[in-house]
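Structure, as structure tokens:
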Amino acid sequence: MRYHEDTSIRKPATVVALAGLAVAVVVVALLLRGGTASANPRTDFVEVSVGSRATCGLTSAGAVECWGGLRGTDPQSPLGVREAMPVPIAGLESNIATISFGAQDSACAMTTSGDVVCWGPAYLDWRNPEAGQVPIRGIEAPAVALSTGGDRACALTTNGDVYCWSHIGFTSASARVAAAVPALGGGVTAIASGGLHACALTSGGAVMCWGENEYGQLGNGTTSSSSAAAPVAGLQSGVVAVTAGALHSCALTQAGAVFCWGHNRGAELGSGGGGFSDTPVSVEGFSSSVTEIRAGFGRTCVRLDTGGYECWGGQFGSTPAPLPGAESAVADVTLGFDHACLLMEDGRIRCWGSNGMGQLGDGTTDFRVSPVDVVATEAKAAPTPTPCPAAGCPVPTPAPPCAAETCMGLAVLDGERNIVCHSARSADCDLPVGSDFTLAVDAFAVPEAGYFLVQSFIQYGRYDPGASEDGAGPGTCRDFRDNGRPTIFPAPPGSSDGYDWLDDECMSADLVYEAAVSPYDEVVWPDVALALNYAPFGFISNGGFSGLLPPLTVSTHTGFVVKLAMSCSPHESVSSVDLLPKDHFIAGTSGAAFAGPEEGDHYRPDVSGLRVGCCDETVTSVDALFILQFEADLTDSVSCGFDGDVDADGDVDSIDAALTLQFVAGLLDQLPRDIS
């Protein structure tokens, strides 16, 4: 028991005839790593579509919001604006069913009634640079699907016809009027626009493609271009999804087989790099059954029935390889020109890669190797307390005394949310070996003016300056240099990082921080831990002043503000758990502090910590070790509620340790004093 491509993607439950669509965009050449989430993440997105320098999201309310380098959206700035966070697109505030980005950061949207409007550089008229969306004329029935690519955008209608229009250059008659694709003849169920070509899937499971064909991307056994749709060789039945990359195309069959054709210099066909194929070739080597497929420039990715993703081409190699970071809780993945985004199952959008125009939506223009949340521009909601048990919230009564203006301490809670220990009451806390508990940060005296954020920095490990950092030899954990691959900071080899104590090899710990159980600020801000959840081995830091977006609601809450899932070691041990204040030499500016309501208001609280003993009822040599450490002034107490005086002579010394070892070795039948 615990103590305590058509790059447009959307959640599967909301897909409207978009399965398998892809647009021609360059896949970001970065592999995912786990990353830090941003403050105040948006959680209301159901679709995301990525262009070359911008990104758009569709909200659950049917509104379009975009960020990055935007052109054709602001009547006062026809040359474009740069937005680092989502901004609403005027005229698209409701009733939008789907969105799709294409080349030149031009995009299109389909309304719930089946109308199509587009905006961006491809739809600007320099003679009259008015902002707003250009309605696409000539589509003779309501649209049910939309796909934009490099040179064209296409819509699929309710009667199964496909209409396309020019998606390059500046506004002309052809940019606003769609025409039916010859030789399709209705019965189409899905469409995919590539770089200079497009493909359609018919109700009979056949694939038809048209457009440029220099690399065989039409799959008809030739390299001749065609304005009329032509059948793809060998795929005239049994296909359930089709996707188009910049210069190649792929299909998924009902039997779960994957076929690709066209350009292959980046190994995007999964058949070894080089050349091209003007007919479909089979892709092999998936770890599980394929359920979805999409293509980009030089890369192809599939979704598996396990929920994970595998990709090939470019940095992924010539055979399917897992896409790190997209193993769970990801509704879909979109790969852009040099940035990429994940649509999460909880409605967040997380992006990484180039960010010079703010296309990641995290409020900055910083390049990101790890995914960051697209953040909200509006103020956070007013803080709401976490629901408490029927017996009420566990708060110290009366509140501990505070010797300063503000105070924070540490509390240990059991599985019933009862306070077992509190650092402001007693520094000692004994728990059973192997037991689970909740470690809580208690803000029991807060700034009189209130605060908008609490940050905390907890050290629960032991720093050994005499250890070897990254195999560089004894004592290198004290040289303030990076002696190999840095564990925390990507400093170049041999540079001075000053963070020896944050290297795993310089730290040891008996308590276990269960990072898989997310720490949440359960009372003040639900996402404070997500603002910065930094947990090198032996440390846990939560909160952070950067990335918070004003205006901010001020709280005066007193009580637990951060809760962490912890476990005792499976053997007897004693650990110092310290709450490090702001400007501590290790914690620095990330140490425990309150951010006040006025800019620059940082309150450094008086802090207190705990000595957590993981105890059992068996006398072992570890008890003797604790006694020796106490005698040498290496610890303030012995262990598990015992004072260490085995012979009851009033002193804790090596004689007590020797008697303990003799008892453990069976040389004594009993101790002068019971220490179990």
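Ligands are numbered from 1 in the order shown, residues from 1 within each chain, and chains are lettered A, B, ... in the order they appear in the structure tokens.
On the backbone of this structure, DSSP gives helix (DSSP H, G or I) within range 149-335 of chain A to A:Ala173, A:Ser174, A:Ala175, A:Arg176, A:Gly314, A:Gln315, A:Phe316.
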What is the distance between CA of Thr438 in chain A and CA of Leu511 in chain A, in Å to one decimal?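 CA of Leu511 in chain A lies at a distance of 11.8 Å from CA of Thr438 in chain A.
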So that I can see what lies close to Ser227 in chain A, please list as JSON, numbers by chain the residues with an atom at most 12 Å from it, counting only C-alpha atoms and leaving out residues fewer than 3 positions away in the same chain. {"A": [164, 179, 180, 181, 182, 183, 184, 196, 197, 198, 199, 208, 209, 210, 211, 212, 213, 218, 224, 230]}
My list of candidates is A:Leu269, A:Ile139, A:Leu625, A:Ala190. Which is closest to Trp165 in chain A when distances are computed with only C-alpha atoms?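 Closest residue, counting only C-alpha atoms: A:Ile139.
Across the model, the gap from CA of His571 in chain A to CA of Asp510 in chain A is 8.6 Å.
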Residues within 8 Å of Cys250 in chain A, please, as a PyMOL selection string. Count only C-alpha atoms; anything in the same chain fewer than 4 positions from it doesn't count. chain A and resi 242-244+258-261+280+293-295
